[in-house]
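J.: Below you'll find the structure I mean.
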Amino acid sequence: MNKALRQAIIAGNWKMNKTRPEAKALIEALVPYAEKASCGVVICVPYTNLETAIALTQGTNIKVGAENCHFEKSGAFTGEISADMLTEMGVEYVIIGHSERRQYFGETDITVNKRTKAALEAGLKVILCVGEMLEEREQGITEEIVALQTKIALMGLTKEQIANVVIAYEPVWAIGTGKTATSAQANEVCAFIRQTVAKLYDQATADAMTIQYGGSMNENNAAELLAQPDVDGGLIGGASLVAEKFAVLLEEASK
Ligand code: PEP
């Protein structure tokens, strides 16, 4: 299927960065750049910035996302935020299964599946992260790892539900390290994820799915990565924190 028929989405993942005044300044700087973009534009911000981001993006083409959510609806889960709490605020997207959640906060494929289900049931769109670690790539098991993560994350989800899932292929060794997958490596794994989705559902569902690359994508390497036939935009950490850098990615994804 022609890549132009899928929506390329550039999503920023601010991680644990930006106080409210800093967030306000960044969003105000981003709005004019986003207005010129024809790709999807999402900013996933810390919980403390959600209200600011929603208010400042009203009437613009920037969608707001959270960086995680819990799988239960409510209850004794100190420090957690439910999917319903996010939708009630007007949040549209949520990142699930980011490798930093998996590495530092004990996230597993099973909890990723539970969080994905809860988010979709609450009406959120999910940016689901999958990706191999360096040792796994070196061992030649990238496809096995990525297939397993994808299959478990999507377990029990209908075709209709996964129309609201974007998958971000994020090789762990490329996140925040300055090491980027080559455009060929990024495309190869994004295409493999698409095949995996086609086997689980059908080709049309897989062809319609936005599959992003993430891992040190920046204003210098974005053009080549985003031109790949199976790369439909990016999940961007570091370069999403500087409006002028993020703007270059929006421009490239809009071509
Ligand atoms: C990320 O956090 O998802 C990410 C890709 O980070 P960076 O762009 O900084 O590598």
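Labeling convention for the structure tokens: chains A, B, ... as they appear, residues from 1 per chain, ligands from 1 in order of appearance.
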Quick one: everything within 7 Å of Val41 (chain A), counting only C-alpha atoms, minus sequence neighbours fewer than 4 positions away in the same chain. Send it as a list in words.
T.: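 Answer for this query is Ile9, Ile10, Ala11, Ala34, Asn61, Ile62 and Lys63 of chain A.
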J.: Please, which residues have at least one atom within 10 Å of an atom of ligand 1, using only C-alpha atoms and all ligand atoms, listed as a PyMOL selection string?
T.: chain A and resi 11-15+67+95+98-100+129+168-180+213-218+234-241
J.: Can you pull out every residue within 12 Å of region 101-107 of chain A, counting only C-alpha atoms, but drop anything in the same chain fewer than 5 positions away, and send it as a PDB file with C-alpha atoms, in the first residue's frame?
T.:
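Output file around_32.pdb follows:
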```pdb
ATOM      1  CA  LYS A  15       9.935  12.519  29.215  1.00  0.00           C
ATOM      2  CA  GLU A  67       3.532   9.359  28.670  1.00  0.00           C
ATOM      3  CA  ASN A  68       1.853   6.435  30.435  1.00  0.00           C
ATOM      4  CA  CYS A  69      -1.349   5.373  32.186  1.00  0.00           C
ATOM      5  CA  HIS A  70      -2.368   2.644  34.608  1.00  0.00           C
ATOM      6  CA  PHE A  71      -4.510  -0.333  33.645  1.00  0.00           C
ATOM      7  CA  ILE A  95       2.549   6.326  25.081  1.00  0.00           C
ATOM      8  CA  ILE A  96       2.531   2.754  26.351  1.00  0.00           C
ATOM      9  CA  VAL A 112       1.879  -3.242  28.416  1.00  0.00           C
ATOM     10  CA  ASN A 113      -1.038  -5.288  27.080  1.00  0.00           C
ATOM     11  CA  LYS A 114      -3.198  -4.400  30.077  1.00  0.00           C
ATOM     12  CA  ARG A 115      -2.376  -0.691  29.817  1.00  0.00           C
ATOM     13  CA  LEU A 128       2.825   1.449  21.571  1.00  0.00           C
ATOM     14  CA  CYS A 129       6.598   1.141  21.841  1.00  0.00           C
ATOM     15  CA  VAL A 130       8.511  -1.991  20.913  1.00  0.00           C
ATOM     16  CA  GLY A 131      12.203  -2.548  20.277  1.00  0.00           C
ATOM     17  CA  GLU A 132      15.184  -4.734  20.936  1.00  0.00           C
ATOM     18  CA  MET A 133      18.176  -4.177  23.188  1.00  0.00           C
ATOM     19  CA  GLN A 149       6.391  -7.659  22.151  1.00  0.00           C
ATOM     20  CA  ALA A 153       0.804  -6.042  23.506  1.00  0.00           C
ATOM     21  CA  VAL A 172      16.617   0.515  22.870  1.00  0.00           C
TER      22      VAL A 172
END
```
J.: Measuring between only C-alpha atoms, which one of A:Met85, A:Leu56, A:Val42, A:Ile110 shows the shortest distance to Ile27 (chain A)?
T.: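 Of the candidates, the smallest distance to Ile27 (chain A) is held by A:Leu56.
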J.: Using DSSP on the backbone coordinates, identify all residues within region 99-129 of chain A classified as alpha helix (DSSP H); present the result as JSON, numbers by chain.
T.: {"A": [99, 100, 101, 102, 103, 104, 109, 110, 111, 112, 113, 114, 115, 116, 117, 118, 119, 120, 121]}
J.: Considering only C-alpha atoms, return as a ChimeraX atom specification whatever protein or nucleic-acid residues lie within 7 Å of Ala208 (chain A), sequence-local ones (same chain, fewer than 3 positions apart) excluded.
T.: /A:6,204-205
J.: In Å, how far is it from CA of Asp202 (chain A) to CA of Gly156 (chain A)?
T.: 15.1 Å
J.: So the first atom is CA of Gln228 (chain A) and the second is CA of Ala119 (chain A); what is the distance between them in Å, to one decimal place?
T.: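 CA of Ala119 (chain A) lies at a distance of 29.4 Å from CA of Gln228 (chain A).
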J.: Grab the CA of Leu249 (chain A) to CA of Ala222 (chain A) distance for me, in Å with one decimal place.
T.: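 Those two atoms sit 6.1 Å apart.
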J.: For Tyr93 (chain A), which residue among A:Ser74, A:Asn164, A:Asn17, A:Thr210 is the nearest when counting only C-alpha atoms?
T.: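 Among the listed residues, A:Asn164 lies closest to Tyr93 (chain A).
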J.: Given only C-alpha atoms as the basis, pick out the residue of A:Gly59, A:Lys125, A:Leu5, A:Ala29 nearest to Lys245 (chain A).
T.: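 Using only C-alpha atoms, the shortest distance to Lys245 (chain A) belongs to A:Ala29.
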J.: Do a neighbour search on Leu50 (chain A) at 10 Å with only C-alpha atoms, toss out local chain neighbours closer than 5 positions, and write the hits as a PDB file with N, CA and C atoms, in the first residue's frame.
T.:
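That gives us result31.pdb:
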```pdb
ATOM      1  N   ARG A  20       6.024  24.015  34.127  1.00  0.00           N
ATOM      2  CA  ARG A  20       4.878  24.608  33.403  1.00  0.00           C
ATOM      3  C   ARG A  20       5.258  25.854  32.600  1.00  0.00           C
ATOM      4  N   ALA A  23       7.070  24.678  29.583  1.00  0.00           N
ATOM      5  CA  ALA A  23       6.155  23.998  28.653  1.00  0.00           C
ATOM      6  C   ALA A  23       5.376  25.028  27.840  1.00  0.00           C
ATOM      7  N   ILE A  43       2.178  15.988  20.994  1.00  0.00           N
ATOM      8  CA  ILE A  43       3.195  16.195  22.038  1.00  0.00           C
ATOM      9  C   ILE A  43       2.764  15.413  23.281  1.00  0.00           C
ATOM     10  N   CYS A  44       3.624  14.501  23.705  1.00  0.00           N
ATOM     11  CA  CYS A  44       3.348  13.710  24.911  1.00  0.00           C
ATOM     12  C   CYS A  44       4.167  14.337  26.033  1.00  0.00           C
ATOM     13  N   VAL A  45       3.466  14.822  27.040  1.00  0.00           N
ATOM     14  CA  VAL A  45       4.102  15.680  28.045  1.00  0.00           C
ATOM     15  C   VAL A  45       3.901  15.078  29.441  1.00  0.00           C
ATOM     16  N   ALA A  55      -4.820  23.442  27.062  1.00  0.00           N
ATOM     17  CA  ALA A  55      -5.324  24.823  26.932  1.00  0.00           C
ATOM     18  C   ALA A  55      -4.632  25.543  25.774  1.00  0.00           C
ATOM     19  N   LEU A  56      -3.310  25.386  25.677  1.00  0.00           N
ATOM     20  CA  LEU A  56      -2.565  26.150  24.662  1.00  0.00           C
ATOM     21  C   LEU A  56      -2.704  25.583  23.251  1.00  0.00           C
ATOM     22  N   VAL A  64      -2.537  16.333  22.120  1.00  0.00           N
ATOM     23  CA  VAL A  64      -1.790  16.168  23.373  1.00  0.00           C
ATOM     24  C   VAL A  64      -1.866  14.723  23.858  1.00  0.00           C
ATOM     25  N   GLY A  65      -0.733  14.221  24.303  1.00  0.00           N
ATOM     26  CA  GLY A  65      -0.670  12.865  24.834  1.00  0.00           C
ATOM     27  C   GLY A  65      -0.003  12.831  26.200  1.00  0.00           C
ATOM     28  N   ALA A  66      -0.280  11.741  26.933  1.00  0.00           N
ATOM     29  CA  ALA A  66       0.424  11.483  28.192  1.00  0.00           C
ATOM     30  C   ALA A  66       1.527  10.466  27.896  1.00  0.00           C
ATOM     31  N   LEU A  86      -7.286  10.714  32.120  1.00  0.00           N
ATOM     32  CA  LEU A  86      -6.684  11.419  30.980  1.00  0.00           C
ATOM     33  C   LEU A  86      -7.750  11.861  29.978  1.00  0.00           C
ATOM     34  N   MET A  89      -9.744  14.852  30.915  1.00  0.00           N
ATOM     35  CA  MET A  89      -9.059  16.151  30.756  1.00  0.00           C
ATOM     36  C   MET A  89      -9.041  16.640  29.322  1.00  0.00           C
ATOM     37  N   GLY A  90      -9.234  15.693  28.380  1.00  0.00           N
ATOM     38  CA  GLY A  90      -9.126  16.077  26.965  1.00  0.00           C
ATOM     39  C   GLY A  90      -7.853  15.573  26.312  1.00  0.00           C
ATOM     40  N   VAL A  91      -7.153  14.663  26.994  1.00  0.00           N
ATOM     41  CA  VAL A  91      -5.953  14.055  26.416  1.00  0.00           C
ATOM     42  C   VAL A  91      -6.395  13.086  25.316  1.00  0.00           C
TER      43      VAL A  91
END
```
J.: DSSP on the backbone: which residues in region 40-126 of chain A end up as strand (DSSP E)? Give the answer as a PyMOL selection string.
T.: chain A and resi 40-44+62-66+93-96+125-126
J.: Tell me, as a list in words, which residues lie within 10 Å of Phe192 (chain A), counting only C-alpha atoms; anything in the same chain fewer than 3 positions away does not count.
T.: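 So the residues in contact are Glu143, Val146, Ala147, Ala186, Asn187, Glu188, Val189, Gln195, Thr196, Val197, Ala198 and Asp230 of chain A.
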J.: Can those selected residues be exported to a file as a PDB file, in the first residue's frame so that it contains N, CA, C and O atoms?
T.:
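Writing the result to result.pdb gives the following:
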```pdb
ATOM      1  N   GLU A 143      13.974  -9.720  15.336  1.00  0.00           N
ATOM      2  CA  GLU A 143      12.613 -10.002  14.862  1.00  0.00           C
ATOM      3  C   GLU A 143      11.810 -10.792  15.890  1.00  0.00           C
ATOM      4  O   GLU A 143      10.633 -10.514  16.111  1.00  0.00           O
ATOM      5  N   VAL A 146      10.816  -8.338  18.746  1.00  0.00           N
ATOM      6  CA  VAL A 146       9.823  -7.346  18.325  1.00  0.00           C
ATOM      7  C   VAL A 146       8.474  -8.028  18.027  1.00  0.00           C
ATOM      8  O   VAL A 146       7.411  -7.486  18.352  1.00  0.00           O
ATOM      9  N   ALA A 147       8.530  -9.222  17.455  1.00  0.00           N
ATOM     10  CA  ALA A 147       7.275  -9.945  17.174  1.00  0.00           C
ATOM     11  C   ALA A 147       6.567 -10.296  18.479  1.00  0.00           C
ATOM     12  O   ALA A 147       5.354 -10.112  18.618  1.00  0.00           O
ATOM     13  N   ALA A 186      15.892   0.700  10.203  1.00  0.00           N
ATOM     14  CA  ALA A 186      14.596   1.201  10.685  1.00  0.00           C
ATOM     15  C   ALA A 186      13.480   0.694   9.783  1.00  0.00           C
ATOM     16  O   ALA A 186      12.455   0.184  10.250  1.00  0.00           O
ATOM     17  N   ASN A 187      13.694   0.792   8.484  1.00  0.00           N
ATOM     18  CA  ASN A 187      12.643   0.378   7.543  1.00  0.00           C
ATOM     19  C   ASN A 187      12.388  -1.129   7.625  1.00  0.00           C
ATOM     20  O   ASN A 187      11.246  -1.581   7.592  1.00  0.00           O
ATOM     21  N   GLU A 188      13.476  -1.883   7.756  1.00  0.00           N
ATOM     22  CA  GLU A 188      13.366  -3.344   7.793  1.00  0.00           C
ATOM     23  C   GLU A 188      12.490  -3.786   8.977  1.00  0.00           C
ATOM     24  O   GLU A 188      11.590  -4.610   8.827  1.00  0.00           O
ATOM     25  N   VAL A 189      12.741  -3.201  10.142  1.00  0.00           N
ATOM     26  CA  VAL A 189      11.977  -3.639  11.319  1.00  0.00           C
ATOM     27  C   VAL A 189      10.542  -3.084  11.268  1.00  0.00           C
ATOM     28  O   VAL A 189       9.600  -3.788  11.625  1.00  0.00           O
ATOM     29  N   GLN A 195       4.227  -6.737   8.836  1.00  0.00           N
ATOM     30  CA  GLN A 195       3.914  -8.135   8.473  1.00  0.00           C
ATOM     31  C   GLN A 195       3.321  -8.886   9.663  1.00  0.00           C
ATOM     32  O   GLN A 195       2.421  -9.710   9.519  1.00  0.00           O
ATOM     33  N   THR A 196       3.870  -8.611  10.846  1.00  0.00           N
ATOM     34  CA  THR A 196       3.390  -9.266  12.064  1.00  0.00           C
ATOM     35  C   THR A 196       1.930  -8.896  12.306  1.00  0.00           C
ATOM     36  O   THR A 196       1.094  -9.752  12.634  1.00  0.00           O
ATOM     37  N   VAL A 197       1.611  -7.623  12.135  1.00  0.00           N
ATOM     38  CA  VAL A 197       0.223  -7.152  12.319  1.00  0.00           C
ATOM     39  C   VAL A 197      -0.676  -7.781  11.245  1.00  0.00           C
ATOM     40  O   VAL A 197      -1.810  -8.185  11.527  1.00  0.00           O
ATOM     41  N   ALA A 198      -0.149  -7.915  10.031  1.00  0.00           N
ATOM     42  CA  ALA A 198      -0.945  -8.523   8.942  1.00  0.00           C
ATOM     43  C   ALA A 198      -1.286  -9.968   9.279  1.00  0.00           C
ATOM     44  O   ALA A 198      -2.403 -10.434   9.022  1.00  0.00           O
ATOM     45  N   ASP A 230       8.343   2.170   4.840  1.00  0.00           N
ATOM     46  CA  ASP A 230       7.545   1.653   5.960  1.00  0.00           C
ATOM     47  C   ASP A 230       7.673   2.485   7.228  1.00  0.00           C
ATOM     48  O   ASP A 230       7.177   2.073   8.279  1.00  0.00           O
TER      49      ASP A 230
END
```
J.: From the options A:Ala206, A:Ala53, A:Ala4, A:Ala76, which residue's atoms come nearest to Ala25 (chain A), counting only C-alpha atoms?
T.: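 Ranked by minimum distance to Ala25 (chain A), first place goes to A:Ala53.
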J.: Pick out the closest residue to Thr52 (chain A) from this set: A:Lys73, A:Glu35, A:Glu28, A:Glu80. Count only C-alpha atoms.
T.: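 Among the listed residues, A:Glu28 lies closest to Thr52 (chain A).
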